[in-house]
Amino acid sequence: MKDLIVIGTGPGGYHAAIRAAQLGLDVAVVDAGPAGGVCLNVGCIPTKALLHAAAELEQARHASRFGLHFGAPEIRLDELGDWRRGVVKQLSNGIASLFRARKIACHSGRARFVDPRAIEVDGERLEARQFVIATGARPAALDGFAVDDQRILDSTGALEL
């Protein structure tokens, strides 16, 4: 039996898990996706990476004020997407590395409570004295605008354009 199981590895979850391990607790984490949750994988971080790229493009457009001249910009969306995914992967791997360094057991899948001291993750029963539920967010749905990933995208789909 673990001292603590944290469900969700977004900013709230991974901080809670790491701090609990630093305090000497036997900790496990559960997440259906890569470490870092919504913020790191499909929210704040990839969005900020794209904003950074846009800012760099804008800086280049005005660099002639300083005597720096560039040709017309060429945006290669596939390369930009690869770079964004690389940034996300590097940060997610960093969180996973922190988990390993602190001997935090990682379980991939969705947690379902089966009693007050136990959850089930993909058929595996995990028990703990305490739980932290840090399950994050998902894109909001708007009435009358069903996401079809063609004409109507949610924020996650928009990142993959």
# chains A, B, ... in the order shown; residues from 1 in each chain; ligands from 1
>>> residues_around(residues="Arg110 of chain A", least_positions_apart="4", cutoff="10 Å", atoms="only C-alpha atoms", output="PyMOL selection string")
chain A and resi 7-8+30-33+119-122+135
>>> select_by_dssp(residues="chain A", states="alpha helix (DSSP H)", output="ChimeraX atom specification")
/A:11-22,37-42,44-61,77-101,155-159
>>> closest_atom_pairs(of="segment 16-97 of chain A", to="segment 136-147 of chain A", cutoff="12 Å", atoms="only C-alpha atoms", output="tab-separated table")
residue	atom	partner	partner_atom	distance
A:Asp31	CA	A:Gly136	CA	10.4
A:Ala32	CA	A:Gly136	CA	11.4
A:Gly33	CA	A:Gly136	CA	11.5
A:Gly36	CA	A:Gly136	CA	10.1
A:Gly37	CA	A:Gly136	CA	6.9
A:Val38	CA	A:Gly136	CA	6.5
A:Cys39	CA	A:Gly136	CA	8.3
A:Leu40	CA	A:Gly136	CA	11.0
A:Asn41	CA	A:Gly136	CA	11.7
A:Val42	CA	A:Arg138	CA	9.6
A:Gly43	CA	A:Arg138	CA	9.5
A:Cys44	CA	A:Ala137	CA	11.8
>>> closest_residue(among="A:Gly71, A:Gly24, A:Gly86, A:Pro116", to="Arg102 of chain A", atoms="only C-alpha atoms")
A:Gly24
>>> closest_residue(among="A:Pro34, A:Ser97, A:Arg125, A:Ala55", to="Lys2 of chain A", atoms="only C-alpha atoms")
A:Arg125
